[in-house]
Structures are given as C-alpha cells and as structure tokens.
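Colleague: Before I ask anything, let me first share the structure, which is written out below as structure tokens.
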Amino acid sequence: MADQISNYQCPSCTGPLRFDGKSGRLQCDYCGSSFSVQEIEALYKDKDQAAAEAIGNTVSAEGEWAGAGSNWAREQGLRAYNCPSCGAELICDETTAATACPYCGNPSIVPGQLSDMLKPDYVIPFKLSKEDAKAALKNYYRGKKLLPRAFTSQNHIEEIKGVYVPFWLFDGTAEADMRFQGTRVSSVVQGDTRVTTTEYYDVRRAGSVKFEKIPVDASSKMPDAHMDAIEPFDYSELKPFSNAYLPGFLADKYDVKREDCYQRADERAGNTAVDLVSQTVGGYSSVIPRGSEVRVRRGRVSYALLPVWMLSTRWNGKNYLFAMNGQTGKLIGDLPVSSGRAFAWFAGLTAGFTALFSALLYFL
Amino acid sequence: MKKKLLLTLLLALALLLSLSASAFAEARLDYVTDEAGILSEEERTQLNAQAGRISEQYQCGVYVVIVNDYRSYVNGSIETFAEEVFAGYDLGYGDSRDGVMLAMSMADRDYDLYAHGSFGNYAFTDYGKGQLAESFLDNFRRSDWAAGFRDFVDMGETLIRRARDGDPLDQWIPDPAEEQGPSLTPGKLLLSAVISALFGGATVGGMKKQMKTAVKQTRAANYVSQGGVTLRIRDDRFVNRTVTRQVIRHDPPSGGSRPSGGHFGGTTISGSHGGSHHSGKF
C-alpha cells in the first residue's frame, strides 16, 4: 500500500526540506541546497498523487479507517499514519494536513487532506520566522504599564508553532437603504433675545458596497477573536495552493463548513455598508438614524491557507495565547493586568490631576 | 440745512471764542436732530415727540443728534462733540442740566452715549449705558435706524423711571466675601478631586484596553473593492422649521468691580463737564 504521507526530501542528500519564508524557497538544513516551489512540485507530483489516493483507499465501504493506526485512535476521532522516514506511528487530528514527526522531526504532509475537493484555492506563504515571532512577543510586552513585572521575568514561551490556518474568503455585495432625521440649527441674537431656528429634514441614502475576500477562519481549533485580530493579510501575495509551501509548518484542513461562516461574513459586510452609506450624510447639526434595511448578496467563496504563528505561555496556572500574522507580523493576545499597578496608576494620576485642577480652581 | 448751519455756527463760536454754554441759551435744538438725513421726517417727528414727552415728564432730557461727520464741527473726539453740543445748547433739565444724549456720526459709524447732571449720571450708570447701547446697536448694525432710536428712547425712559423710583439699573455689586481674591474652598477641592478621579479612571481604562487585543472584527472595511462603493439614492427633504426665542439673562460680571461699558466694543469714560460717556462703533 502506498504511503498516505509525503515527506519532502532533498534531492541532493535526502535530508528533510522545509519552506523558508525569507527566501521563498525550500531549504535543506543538512546540505544547504535550496529549491524553488515549482521544482519540488514537479518532483513530488506523482508521489503526492499516490499519497492522496492512498488516503481515499483507506476508507472502506463501511466508513472504517484501515491500514496504519489503532482502533483506539479511530474511536477518538484521530488518524494514525506511519512516518515515511522512520516508520514511527503518527497520531494526528482528523483535520491535520501538515505536521512533524515527533520522533525524527521530519516535516510530513498529508496530501489527501488538501487534494481534490479539499484543495485550497490559495495560500499565503510564511514570510516571518519563529525568531521573528519571539522578538515580536518580547516587543509586545514593552510599554504595557499594567503588566505584572513577574509576568515578563518568570514567563517563558511554552510552545510556538507556525500554522497554516484554513480560512474561507467571501466575496459579496452589501446593499444598505437608510433613513435619518437631519437637523440644521442656526441662532441669532436680536436685542435681548436669542432666536434659534431649527430645520428638520428627512434624509435617505441607499447604496451598495462590494467586498472581496472577507476572511473567516474555518478551523474550530483557532479562537475567532485571535484570527480576526491579526487581520489584514496582504492579498497581493496570494498564491495558487501548493503542498510545497507546507514543509516545516503545521497545517489543518477546514472543519467549519462555509455555510456556518456565512453569518460572520454577512455581519461584517452589512456593518461596513451601513458605516460607509451613513458617512455620506453631511451638512447637518445632528443626524439621528430612523431605520435601515441591509441585504447581503453573496458571491464567490474561496478557500485559503493563511500563515499564523501561535505562541502560548503559562503564568500563575493560566494559559496565555498569542497569535502573529505570519505575513505582516501583527501580534495580538490578551495580557494579565496587575491590580496593584492599576491602582497605583489610578491613585497617582488622580493625585496629579487634583493638584493641577486645584491650582487652576484656586484662581477662579 | 438751516439747522446744520446753525449747529456749525454755534459750535464754531463756542470753540473759537471759548464762549460759555450760556452764550447759546437762546438757541434751541430739537430732542431728535437728524443732520445726516437717515430718518424720514415722519419718523423723526414721532421720535422727537416721544423724547420730548419723556423729558418733560421725568425732567431729564433725552436727545438724539445725528451728523454726517462730527469732525466737521469739532476738533476732537465724538465725546467732545457730544459735550459741546450738550453745553452749547444748554440741554438738560434742572440745575444740574440732567439728561442723556445719543450722538451719532455716520462717516465712521461712531456713537457716544453722554449722560449729564447729577440725576442724569444717577439714572444712566456705566452699566446702564452699556445695556442701553446693547438695546440699539443690533438695529444700527442692520441699518434699521428708526427701530434703533425707538429702542434708545424706550429703554432710556425705563432707566429714567427706575432712577426716579430710586432703583437705577446698575452693575452687580459682588459679595465682599467673594472679593477676597484667589482661594481654594473645600467645594473647589472636592470638585477637582472628582474630576481628577474621572480622568484617572479613564486613563487607566485606556491602559487596560491595551492589554486586551484579541478582539473579534465587526467590520470589513479592508476588503472593500476598489471603487466598490456606489450611492444609488441621495435624498434630503425639508420637513418643517421651528423657531424658539429665549430672553438672554445678563449675568453680573464675575470681576464685579469694573464698569461694564465694554459691550460691543464700546468704551466708558467719565467726562469733564459733569457727564459720563459710553462710546464705540455701530
């Protein structure tokens, strides 16, 4: 039976290859050779095809997984593969598309997870390295005045992994039809009387806004807030998907269907259309919304793998998860707040402001 | 024209020969004299009658003198002009020649309110003159002359009547306790502490917000197509209009001790002929 896993090896020395974000090429750390994505694609085309077919063949007519893997793994919703390098059994989530063998460390791709109907349309390759992510996290701590001092001194990165996260990219058009009450107020003084004139207007604005590739993460393992907060990605660097971008990183196939993501994309498109149409109302002293109708016409949906560095730390028995955009370097994550520092800042600021205001009021 | 010639002649005589005011005792000037011709004869007559009635009733003259350029009559300021006319025509009532005069010069839009005599100055305090000026300046700025003079005469009557009743319109006299100068009362301290706590809380709130950056997106502005915004309907329809009128309450000045003649850029000075002025541009 053919292997279900591809292990991209250096054509010169058979050492494992990994995708290098800086050079955009596949790199062999053993002999130093590097290869373009196209070269490796051509070299491994047949092998990937065979691996993808092998995955298909392992699902029997009864829907049971055959071949490598234990019964226990199947019961847990996991999948078991054999590492083509060392033969060790790899237990993976059923969505895993790229991983590394925990025994020999070789990057492993499961082409069947990302082929045919499951093949992504696009990928944005990693540009930033693990070292970049570590430096970004260190930098992120700087200037955070409420961060407990011990968090930075005692805290260490527990895990850092580069993940190609599956995203649905939604095209569409949002139409907003909005009504407002606008008022224009003018005032003149006549003798001892102030005459204020208020004019009321019925204001209507209707328009449409076209959107391209609104991303919604399609992995249930990734927190939505983290994935949203590292946006935006630079779509000018979107590339047609190839397995050759994956070695050296983790990758999952989607496990949240596009139908389940429509609502989030629709909501974002609708809100933005309302904002943009509202901004066209001007020249009034005040504008009060009186009602709106928003409709979203859905368009094409693309499937893409986007690069994310996930960093996790642990402090005081609590996990802290950070995410960094693997393309732009934008890093986000929630930090603990020191109550003592917060109070000290509040007390200090209040005392300072009190002195300032008291000095001002003294002369009034 | 006859009146102008008379006015010019008398003032020239007064200045050049340094004659006393009594030299003009025989000359008469209407309550409302319009050398500049900005009032119709009907308007002038009505105003003249009204001013005359008030002057006689309260024994305090109310006068309006309008000229094209006061510099044609005197070498000096508009205040000098008012003083010379008042003295030259022996205006006012009683021993101290009580009265008030609004002198206007159209060339540079100068005006002067001149109060004369013990009762005149009692009735037309510095604050009162400032208020009186406010009553007509808005009309003058719109070149609504007749309405402005009517306001002057009407409010002039009010001020004279109040003075006759022993209640002249005067500036607010501050509480001596408030004149003690800079101080920090417990109330001020509490107020600054409360405001400071709000500022401090808001600043710390902003710091806390920096600590939480994993936030779901609710907008998609980054994904709007180039030229993808199209406005189909843009409709603004006028529905109705409301007009409200609110009487402006004149709060006493916070400083309290200075005259309030500065309204609308006017200035208040004390005259050298037993009178006081409030002058400016209209």
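We name chains A, B, ... following the order of the structure tokens; residues begin at 1 in each chain, and ligands are numbered from 1 as shown.
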Would you kindly return, as a PDB file with N, CA and C atoms, in the first residue's frame, each protein, DNA or RNA residue with an atom no farther than 12 Å from any atom of segment 254-257 of chain A, considering only C-alpha atoms and excluding same-chain residues fewer than 4 positions away?

Modeller:
ATOM      1  N   ASP A  93      -4.842  14.715  14.512  1.00  0.00           N
ATOM      2  CA  ASP A  93      -6.266  15.059  14.396  1.00  0.00           C
ATOM      3  C   ASP A  93      -6.729  14.675  13.004  1.00  0.00           C
ATOM      4  N   GLU A  94      -8.031  14.492  12.887  1.00  0.00           N
ATOM      5  CA  GLU A  94      -8.512  14.116  11.557  1.00  0.00           C
ATOM      6  C   GLU A  94      -8.456  15.276  10.568  1.00  0.00           C
ATOM      7  N   THR A  95      -8.136  16.492  11.076  1.00  0.00           N
ATOM      8  CA  THR A  95      -8.015  17.626  10.155  1.00  0.00           C
ATOM      9  C   THR A  95      -6.562  17.933   9.802  1.00  0.00           C
ATOM     10  N   THR A  96      -5.615  17.246  10.422  1.00  0.00           N
ATOM     11  CA  THR A  96      -4.203  17.581  10.209  1.00  0.00           C
ATOM     12  C   THR A  96      -3.795  17.363   8.754  1.00  0.00           C
ATOM     13  N   ALA A  97      -3.159  18.380   8.196  1.00  0.00           N
ATOM     14  CA  ALA A  97      -2.715  18.290   6.808  1.00  0.00           C
ATOM     15  C   ALA A  97      -1.199  18.374   6.703  1.00  0.00           C
ATOM     16  N   GLN A 113      -5.446  15.327   2.569  1.00  0.00           N
ATOM     17  CA  GLN A 113      -6.289  16.273   3.307  1.00  0.00           C
ATOM     18  C   GLN A 113      -6.515  17.563   2.513  1.00  0.00           C
ATOM     19  N   LEU A 114      -5.655  17.789   1.539  1.00  0.00           N
ATOM     20  CA  LEU A 114      -5.721  19.059   0.806  1.00  0.00           C
ATOM     21  C   LEU A 114      -5.746  18.815  -0.705  1.00  0.00           C
ATOM     22  N   MET A 117     -11.483  17.973  -3.829  1.00  0.00           N
ATOM     23  CA  MET A 117     -12.490  18.915  -3.327  1.00  0.00           C
ATOM     24  C   MET A 117     -11.976  19.708  -2.127  1.00  0.00           C
ATOM     25  N   LEU A 118     -10.999  19.119  -1.448  1.00  0.00           N
ATOM     26  CA  LEU A 118     -10.494  19.762  -0.232  1.00  0.00           C
ATOM     27  C   LEU A 118      -9.287  20.659  -0.512  1.00  0.00           C
ATOM     28  N   LYS A 119      -8.921  20.758  -1.773  1.00  0.00           N
ATOM     29  CA  LYS A 119      -7.714  21.523  -2.102  1.00  0.00           C
ATOM     30  C   LYS A 119      -7.984  23.022  -1.971  1.00  0.00           C
ATOM     31  N   PRO A 120      -7.177  23.721  -1.213  1.00  0.00           N
ATOM     32  CA  PRO A 120      -7.364  25.178  -1.103  1.00  0.00           C
ATOM     33  C   PRO A 120      -7.105  25.858  -2.451  1.00  0.00           C
ATOM     34  N   TYR A 164      -0.513  26.916   9.124  1.00  0.00           N
ATOM     35  CA  TYR A 164      -1.322  27.397   8.009  1.00  0.00           C
ATOM     36  C   TYR A 164      -2.785  27.172   8.403  1.00  0.00           C
ATOM     37  N   VAL A 165      -3.460  28.278   8.717  1.00  0.00           N
ATOM     38  CA  VAL A 165      -4.842  28.168   9.215  1.00  0.00           C
ATOM     39  C   VAL A 165      -5.807  28.241   8.030  1.00  0.00           C
ATOM     40  N   PRO A 166      -6.778  27.326   7.971  1.00  0.00           N
ATOM     41  CA  PRO A 166      -7.751  27.384   6.870  1.00  0.00           C
ATOM     42  C   PRO A 166      -8.721  28.556   7.052  1.00  0.00           C
ATOM     43  N   PHE A 167      -8.924  29.300   6.004  1.00  0.00           N
ATOM     44  CA  PHE A 167      -9.865  30.430   6.013  1.00  0.00           C
ATOM     45  C   PHE A 167     -10.792  30.310   4.808  1.00  0.00           C
ATOM     46  N   TRP A 168     -12.034  30.686   5.006  1.00  0.00           N
ATOM     47  CA  TRP A 168     -12.930  30.923   3.881  1.00  0.00           C
ATOM     48  C   TRP A 168     -12.832  32.407   3.537  1.00  0.00           C
ATOM     49  N   VAL A 216     -12.806  34.499   7.045  1.00  0.00           N
ATOM     50  CA  VAL A 216     -13.400  33.921   8.258  1.00  0.00           C
ATOM     51  C   VAL A 216     -12.684  32.595   8.483  1.00  0.00           C
ATOM     52  N   ASP A 217     -12.101  32.440   9.670  1.00  0.00           N
ATOM     53  CA  ASP A 217     -11.294  31.235   9.871  1.00  0.00           C
ATOM     54  C   ASP A 217     -12.192  30.001   9.940  1.00  0.00           C
ATOM     55  N   ALA A 218     -11.703  28.954   9.312  1.00  0.00           N
ATOM     56  CA  ALA A 218     -12.513  27.748   9.141  1.00  0.00           C
ATOM     57  C   ALA A 218     -11.998  26.615   9.998  1.00  0.00           C
ATOM     58  N   SER A 219     -11.294  26.969  11.077  1.00  0.00           N
ATOM     59  CA  SER A 219     -10.771  25.951  11.978  1.00  0.00           C
ATOM     60  C   SER A 219     -11.389  26.139  13.356  1.00  0.00           C
ATOM     61  N   SER A 220     -12.017  25.107  13.871  1.00  0.00           N
ATOM     62  CA  SER A 220     -12.651  25.227  15.193  1.00  0.00           C
ATOM     63  C   SER A 220     -11.602  25.297  16.294  1.00  0.00           C
ATOM     64  N   LYS A 221     -10.359  24.889  15.960  1.00  0.00           N
ATOM     65  CA  LYS A 221      -9.307  24.904  16.984  1.00  0.00           C
ATOM     66  C   LYS A 221      -8.785  26.318  17.239  1.00  0.00           C
ATOM     67  N   MET A 222      -8.953  27.190  16.268  1.00  0.00           N
ATOM     68  CA  MET A 222      -8.405  28.538  16.397  1.00  0.00           C
ATOM     69  C   MET A 222      -9.455  29.501  16.972  1.00  0.00           C
ATOM     70  N   ASP A 224     -11.669  32.552  17.332  1.00  0.00           N
ATOM     71  CA  ASP A 224     -12.099  33.518  16.311  1.00  0.00           C
ATOM     72  C   ASP A 224     -11.520  34.910  16.573  1.00  0.00           C
ATOM     73  N   CYS A 261     -20.051  29.759   8.251  1.00  0.00           N
ATOM     74  CA  CYS A 261     -19.270  31.003   8.367  1.00  0.00           C
ATOM     75  C   CYS A 261     -19.955  32.189   7.692  1.00  0.00           C
ATOM     76  N   TYR A 262     -21.009  31.901   6.928  1.00  0.00           N
ATOM     77  CA  TYR A 262     -21.668  32.978   6.187  1.00  0.00           C
ATOM     78  C   TYR A 262     -22.100  34.116   7.110  1.00  0.00           C
ATOM     79  N   GLN A 263     -22.659  33.741   8.257  1.00  0.00           N
ATOM     80  CA  GLN A 263     -23.234  34.759   9.140  1.00  0.00           C
ATOM     81  C   GLN A 263     -22.201  35.801   9.562  1.00  0.00           C
ATOM     82  N   VAL A 301     -16.891  32.066  -3.055  1.00  0.00           N
ATOM     83  CA  VAL A 301     -16.195  31.750  -1.806  1.00  0.00           C
ATOM     84  C   VAL A 301     -14.908  31.015  -2.162  1.00  0.00           C
ATOM     85  N   TYR A 303     -11.149  29.254  -0.771  1.00  0.00           N
ATOM     86  CA  TYR A 303     -10.603  28.526   0.379  1.00  0.00           C
ATOM     87  C   TYR A 303      -9.097  28.771   0.370  1.00  0.00           C
ATOM     88  N   ALA A 304      -8.577  29.231   1.494  1.00  0.00           N
ATOM     89  CA  ALA A 304      -7.155  29.587   1.517  1.00  0.00           C
ATOM     90  C   ALA A 304      -6.511  29.151   2.828  1.00  0.00           C
ATOM     91  N   LEU A 305      -5.234  28.903   2.762  1.00  0.00           N
ATOM     92  CA  LEU A 305      -4.451  28.669   3.979  1.00  0.00           C
ATOM     93  C   LEU A 305      -3.611  29.925   4.222  1.00  0.00           C
ATOM     94  N   LEU A 306      -3.753  30.481   5.416  1.00  0.00           N
ATOM     95  CA  LEU A 306      -3.050  31.729   5.728  1.00  0.00           C
ATOM     96  C   LEU A 306      -2.084  31.489   6.897  1.00  0.00           C
TER      97      LEU A 306
END

Colleague: How close does chain B get to chain A? List, as CSV, each residue of chain B within 8 Å, its nearest atom pair and the distance in Å to one decimal, counting only C-alpha atoms.

Modeller:
residue,atom,partner,partner_atom,distance
B:Glu134,CA,A:Gly191,CA,6.7
B:Ser135,CA,A:Gly191,CA,5.5
B:Phe136,CA,A:Gly191,CA,7.4
B:Asp138,CA,A:Gly191,CA,6.2
B:Gly181,CA,A:Phe363,CA,7.8
B:Pro182,CA,A:Phe363,CA,4.7
B:Ser183,CA,A:Tyr362,CA,5.1
B:Leu184,CA,A:Tyr362,CA,4.9
B:Lys188,CA,A:Leu361,CA,6.5
B:Leu189,CA,A:Ser358,CA,6.1
B:Ser192,CA,A:Phe357,CA,5.3
B:Ala193,CA,A:Thr354,CA,5.1
B:Ile195,CA,A:Thr354,CA,7.8
B:Ser196,CA,A:Thr350,CA,4.9
B:Ala197,CA,A:Thr350,CA,5.0
B:Phe199,CA,A:Thr350,CA,7.2
B:Gly200,CA,A:Thr350,CA,5.0
B:Gly201,CA,A:Phe346,CA,6.2
B:Thr203,CA,A:Phe346,CA,7.9
B:Val204,CA,A:Phe346,CA,6.2
B:Met207,CA,A:Leu146,CA,7.0
B:Lys208,CA,A:Leu146,CA,7.1
B:Gln210,CA,A:Lys144,CA,7.4
B:Met211,CA,A:Leu335,CA,5.1
B:Lys212,CA,A:Asp334,CA,4.4
B:Thr213,CA,A:Ile332,CA,5.5
B:Ala214,CA,A:His226,CA,4.9
B:Val215,CA,A:Ala225,CA,4.7
B:Lys216,CA,A:Ala225,CA,4.2
B:Gln217,CA,A:Asp228,CA,5.5
B:Thr218,CA,A:Arg268,CA,5.0
B:Arg219,CA,A:Arg268,CA,4.4
B:Ala220,CA,A:Arg268,CA,5.3
B:Ala221,CA,A:Thr272,CA,6.0
B:Asn222,CA,A:Pro232,CA,7.0
B:Tyr223,CA,A:Glu212,CA,5.4
B:Val224,CA,A:Phe211,CA,4.5
B:Ser225,CA,A:Phe211,CA,5.4
B:Gly228,CA,A:Lys210,CA,4.8
B:Val229,CA,A:Val209,CA,4.5
B:Thr230,CA,A:Ser208,CA,5.2
B:Leu231,CA,A:Gly207,CA,4.0
B:Arg232,CA,A:Gly207,CA,4.8
B:Ile233,CA,A:Ala206,CA,4.8
B:Arg234,CA,A:Arg205,CA,4.9
B:Asp235,CA,A:Arg204,CA,5.1
B:Asp236,CA,A:Val203,CA,4.5
B:Arg237,CA,A:Asp202,CA,5.0
B:Phe238,CA,A:Tyr201,CA,4.4
B:Val239,CA,A:Tyr201,CA,5.2
B:Asn240,CA,A:Tyr200,CA,5.4
B:Arg241,CA,A:Glu199,CA,4.3
B:Thr242,CA,A:Thr198,CA,5.2
B:Val243,CA,A:Thr197,CA,4.4
B:Thr244,CA,A:Thr196,CA,5.2
B:Arg245,CA,A:Val195,CA,4.5
B:Gln246,CA,A:Arg194,CA,5.1
B:Val247,CA,A:Thr193,CA,4.4
B:Ile248,CA,A:Asp192,CA,5.3
B:Arg249,CA,A:Asp192,CA,7.8

Colleague: State, in Å with one decimal place, the distance from atom CA of Pro111 of chain A to atom CA of Gly87 of chain A.

Modeller: 17.8 Å

Colleague: With distances taken over only C-alpha atoms, which residue among B:Glu83, B:Met101, B:Glu41, B:Gly92 lies nearest Val65 of chain B?

Modeller: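 Smallest separation from Val65 of chain B among the options: B:Met101.
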
Colleague: What does the distance from atom CA of Leu238 of chain A to atom CA of Tyr122 of chain A come to in Å, to one decimal?

Modeller: 6.0 Å

Colleague: Give me, as a list in words, all polymer residues having an atom no more than 6 Å from segment 161-171 of chain B, counting only C-alpha atoms and skipping those fewer than 6 positions away in the same chain.

Modeller: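 The neighbour list is Ala123, Thr125, Tyr127 and Gly128 of chain B.
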
Colleague: Take atom CA of Ser143 of chain B and atom CA of Val62 of chain B and report the distance between them in Å, one decimal.

Modeller: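 That distance, rounded to one decimal, is 21.5 Å.
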
Colleague: Could you name the residues that touch Ser118 of chain B at 9 Å or less, counting only C-alpha atoms, but leaving out those on the same chain fewer than 6 positions away, as a tab-separated table (two decimals) with all heavy atoms, in the first residue's frame?

Modeller:
chain	number	residue	atom	x	y	z
B	96	SER	N	-28.73	120.96	37.51
B	96	SER	CA	-27.52	120.25	37.05
B	96	SER	C	-27.64	119.81	35.59
B	96	SER	O	-26.80	119.06	35.11
B	96	SER	CB	-27.24	119.05	37.95
B	96	SER	OG	-28.26	118.08	37.81
B	97	ARG	N	-28.65	120.31	34.90
B	97	ARG	CA	-28.86	120.03	33.48
B	97	ARG	C	-28.85	118.51	33.24
B	97	ARG	O	-28.01	117.93	32.58
B	97	ARG	CB	-27.80	120.69	32.58
B	97	ARG	CG	-27.49	122.13	32.88
B	97	ARG	CD	-28.71	123.01	33.01
B	97	ARG	NE	-29.54	123.06	31.82
B	97	ARG	CZ	-30.76	123.60	31.73
B	97	ARG	NH1	-31.31	124.13	32.82
B	97	ARG	NH2	-31.44	123.60	30.63
B	98	ASP	N	-29.82	117.85	33.85
B	98	ASP	CA	-29.89	116.39	33.75
B	98	ASP	C	-30.38	115.97	32.36
B	98	ASP	O	-31.35	116.54	31.82
B	98	ASP	CB	-30.87	115.83	34.80
B	98	ASP	CG	-30.40	116.15	36.21
B	98	ASP	OD1	-29.18	115.97	36.45
B	98	ASP	OD2	-31.22	116.58	37.04
B	274	GLY	N	-19.15	117.26	33.93
B	274	GLY	CA	-20.22	116.74	34.78
B	274	GLY	C	-21.00	115.64	34.11
B	274	GLY	O	-22.16	115.44	34.42
B	275	GLY	N	-20.39	114.96	33.19
B	275	GLY	CA	-21.09	113.89	32.49
B	275	GLY	C	-20.23	112.65	32.34
B	275	GLY	O	-19.07	112.65	32.73

Colleague: Going by DSSP on the backbone, which residues of segment 10-237 of chain B come out as alpha helix (DSSP H)? List them as a count of residues only.

Modeller: 103

Colleague: Name the residues in contact with Arg141 of chain B at a cut-off of 10 Å, using only C-alpha atoms, excluding same-chain residues fewer than 5 positions from it; report them as a ChimeraX atom specification.

Modeller: /B:109,136,148,281-282

Colleague: Got time to write the residues from that selection, all heavy atoms, as a compact mmCIF listing (two decimals), in the first residue's frame?

Modeller:
# COMPACT_ATOMS: atom_id res chain seq x y z
N ARG B 109 -19.16 105.65 11.50
CA ARG B 109 -20.09 104.88 12.34
C ARG B 109 -19.70 104.98 13.82
O ARG B 109 -19.60 103.97 14.52
CB ARG B 109 -20.16 103.42 11.88
CG ARG B 109 -20.62 103.27 10.45
CD ARG B 109 -20.71 101.83 10.01
NE ARG B 109 -21.90 101.15 10.51
CZ ARG B 109 -23.07 101.12 9.90
NH1 ARG B 109 -23.24 101.78 8.75
NH2 ARG B 109 -24.09 100.47 10.41
N PHE B 136 -29.82 99.17 21.20
CA PHE B 136 -30.00 99.73 19.85
C PHE B 136 -28.93 99.31 18.85
O PHE B 136 -29.14 99.42 17.65
CB PHE B 136 -30.08 101.26 19.90
CG PHE B 136 -28.90 101.97 20.51
CD1 PHE B 136 -27.68 102.04 19.85
CD2 PHE B 136 -29.02 102.62 21.75
CE1 PHE B 136 -26.61 102.72 20.40
CE2 PHE B 136 -27.94 103.29 22.31
CZ PHE B 136 -26.73 103.35 21.63
N GLY B 148 -33.79 101.39 15.95
CA GLY B 148 -32.72 101.58 16.92
C GLY B 148 -32.99 102.79 17.81
O GLY B 148 -32.82 102.72 19.04
N LYS B 281 -18.34 101.97 18.11
CA LYS B 281 -18.75 101.93 16.71
C LYS B 281 -20.06 101.15 16.60
O LYS B 281 -20.30 100.23 17.38
CB LYS B 281 -17.69 101.21 15.87
CG LYS B 281 -16.31 101.86 15.92
CD LYS B 281 -16.18 102.96 14.91
CE LYS B 281 -14.74 103.48 14.86
NZ LYS B 281 -14.63 104.65 13.98
N PHE B 282 -20.87 101.52 15.64
CA PHE B 282 -22.09 100.74 15.44
C PHE B 282 -22.05 100.02 14.09
O PHE B 282 -21.22 100.29 13.27
CB PHE B 282 -23.33 101.60 15.54
CG PHE B 282 -23.36 102.80 14.63
CD1 PHE B 282 -23.86 102.70 13.34
CD2 PHE B 282 -22.87 104.03 15.06
CE1 PHE B 282 -23.90 103.81 12.50
CE2 PHE B 282 -22.89 105.13 14.22
CZ PHE B 282 -23.41 105.03 12.94

Colleague: For Leu90 of chain A, find every residue with an atom within 10 Å (counting only C-alpha atoms), except residues of its own chain fewer than 3 positions away, and show them as a PyMOL selection string.

Modeller: chain A and resi 68-69+79-83+87+93+99-103+108

Colleague: Would you mind exporting C-alpha atoms of the selected residues as a PDB file, in the first residue's frame?

Modeller:
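And here is the file that came out, out37.pdb:
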ATOM      1  CA  ALA A  68      -1.979   2.086   9.811  1.00  0.00           C
ATOM      2  CA  GLY A  69      -3.473   3.212  13.084  1.00  0.00           C
ATOM      3  CA  ARG A  79      -5.984   9.317  12.487  1.00  0.00           C
ATOM      4  CA  ALA A  80      -2.825   7.320  12.527  1.00  0.00           C
ATOM      5  CA  TYR A  81      -0.149   7.402   9.853  1.00  0.00           C
ATOM      6  CA  ASN A  82       3.319   5.965   9.506  1.00  0.00           C
ATOM      7  CA  CYS A  83       6.240   8.365   9.173  1.00  0.00           C
ATOM      8  CA  GLY A  87       8.323   4.330  10.344  1.00  0.00           C
ATOM      9  CA  ASP A  93      -6.266  15.059  14.396  1.00  0.00           C
ATOM     10  CA  THR A  99       2.807  18.099  10.819  1.00  0.00           C
ATOM     11  CA  ALA A 100       6.211  16.972  12.005  1.00  0.00           C
ATOM     12  CA  CYS A 101       7.194  13.503  13.188  1.00  0.00           C
ATOM     13  CA  PRO A 102       7.773  13.716  16.964  1.00  0.00           C
ATOM     14  CA  TYR A 103      10.455  11.020  16.706  1.00  0.00           C
ATOM     15  CA  SER A 108       5.290  15.456   6.968  1.00  0.00           C
TER      16      SER A 108
END

Colleague: With a distance cut-off of 7 Å and only C-alpha atoms, select the neighbouring residues of segment 105-108 of chain B, excluding the residue or stretch itself and same-chain residues fewer than 6 positions from it, and output the selection as a PyMOL selection string.

Modeller: chain B and resi 66-70

Colleague: Could you save the residues just selected, with all heavy atoms, as a PDB file, in the first residue's frame?

Modeller:
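Result went into again_3.pdb, see below:
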ATOM      1  N   ILE B  66     -27.763 113.377  15.170  1.00  0.00           N
ATOM      2  CA  ILE B  66     -27.135 112.560  14.123  1.00  0.00           C
ATOM      3  C   ILE B  66     -26.487 113.512  13.116  1.00  0.00           C
ATOM      4  O   ILE B  66     -27.162 114.408  12.582  1.00  0.00           O
ATOM      5  CB  ILE B  66     -28.175 111.696  13.385  1.00  0.00           C
ATOM      6  CG1 ILE B  66     -29.089 110.976  14.391  1.00  0.00           C
ATOM      7  CG2 ILE B  66     -27.487 110.698  12.463  1.00  0.00           C
ATOM      8  CD1 ILE B  66     -30.431 110.604  13.819  1.00  0.00           C
ATOM      9  N   VAL B  67     -25.184 113.310  12.888  1.00  0.00           N
ATOM     10  CA  VAL B  67     -24.490 114.149  11.904  1.00  0.00           C
ATOM     11  C   VAL B  67     -23.722 113.244  10.936  1.00  0.00           C
ATOM     12  O   VAL B  67     -23.497 112.059  11.219  1.00  0.00           O
ATOM     13  CB  VAL B  67     -23.495 115.122  12.586  1.00  0.00           C
ATOM     14  CG1 VAL B  67     -24.226 116.137  13.434  1.00  0.00           C
ATOM     15  CG2 VAL B  67     -22.465 114.357  13.412  1.00  0.00           C
ATOM     16  N   ASN B  68     -23.349 113.810   9.802  1.00  0.00           N
ATOM     17  CA  ASN B  68     -22.575 113.021   8.838  1.00  0.00           C
ATOM     18  C   ASN B  68     -21.170 112.748   9.355  1.00  0.00           C
ATOM     19  O   ASN B  68     -20.679 111.642   9.281  1.00  0.00           O
ATOM     20  CB  ASN B  68     -22.494 113.741   7.495  1.00  0.00           C
ATOM     21  CG  ASN B  68     -23.777 113.572   6.707  1.00  0.00           C
ATOM     22  OD1 ASN B  68     -24.362 112.487   6.682  1.00  0.00           O
ATOM     23  ND2 ASN B  68     -24.243 114.651   6.099  1.00  0.00           N
ATOM     24  N   ASP B  69     -20.524 113.818   9.891  1.00  0.00           N
ATOM     25  CA  ASP B  69     -19.167 113.632  10.410  1.00  0.00           C
ATOM     26  C   ASP B  69     -18.943 114.663  11.515  1.00  0.00           C
ATOM     27  O   ASP B  69     -18.931 115.865  11.253  1.00  0.00           O
ATOM     28  CB  ASP B  69     -18.143 113.819   9.286  1.00  0.00           C
ATOM     29  CG  ASP B  69     -16.734 113.429   9.737  1.00  0.00           C
ATOM     30  OD1 ASP B  69     -16.542 113.205  10.966  1.00  0.00           O
ATOM     31  OD2 ASP B  69     -15.852 113.346   8.880  1.00  0.00           O
ATOM     32  N   TYR B  70     -18.787 114.205  12.725  1.00  0.00           N
ATOM     33  CA  TYR B  70     -18.660 115.138  13.856  1.00  0.00           C
ATOM     34  C   TYR B  70     -17.434 116.033  13.709  1.00  0.00           C
ATOM     35  O   TYR B  70     -17.368 117.120  14.263  1.00  0.00           O
ATOM     36  CB  TYR B  70     -18.611 114.360  15.189  1.00  0.00           C
ATOM     37  CG  TYR B  70     -17.345 113.569  15.394  1.00  0.00           C
ATOM     38  CD1 TYR B  70     -16.219 114.149  15.983  1.00  0.00           C
ATOM     39  CD2 TYR B  70     -17.261 112.234  15.013  1.00  0.00           C
ATOM     40  CE1 TYR B  70     -15.063 113.425  16.172  1.00  0.00           C
ATOM     41  CE2 TYR B  70     -16.111 111.513  15.190  1.00  0.00           C
ATOM     42  CZ  TYR B  70     -15.018 112.097  15.769  1.00  0.00           C
ATOM     43  OH  TYR B  70     -13.868 111.397  15.956  1.00  0.00           O
TER      44      TYR B  70
END

Colleague: Taking the backbone alone, and naming residues the way the document does, which bits of segment 25-229 of chain A are strand (DSSP E or B) by DSSP, as a PyMOL selection string?

Modeller: chain A and resi 25-28+34-35+59+65+78-82+89-93+96-100+107-109+122-123+157-190+193-217
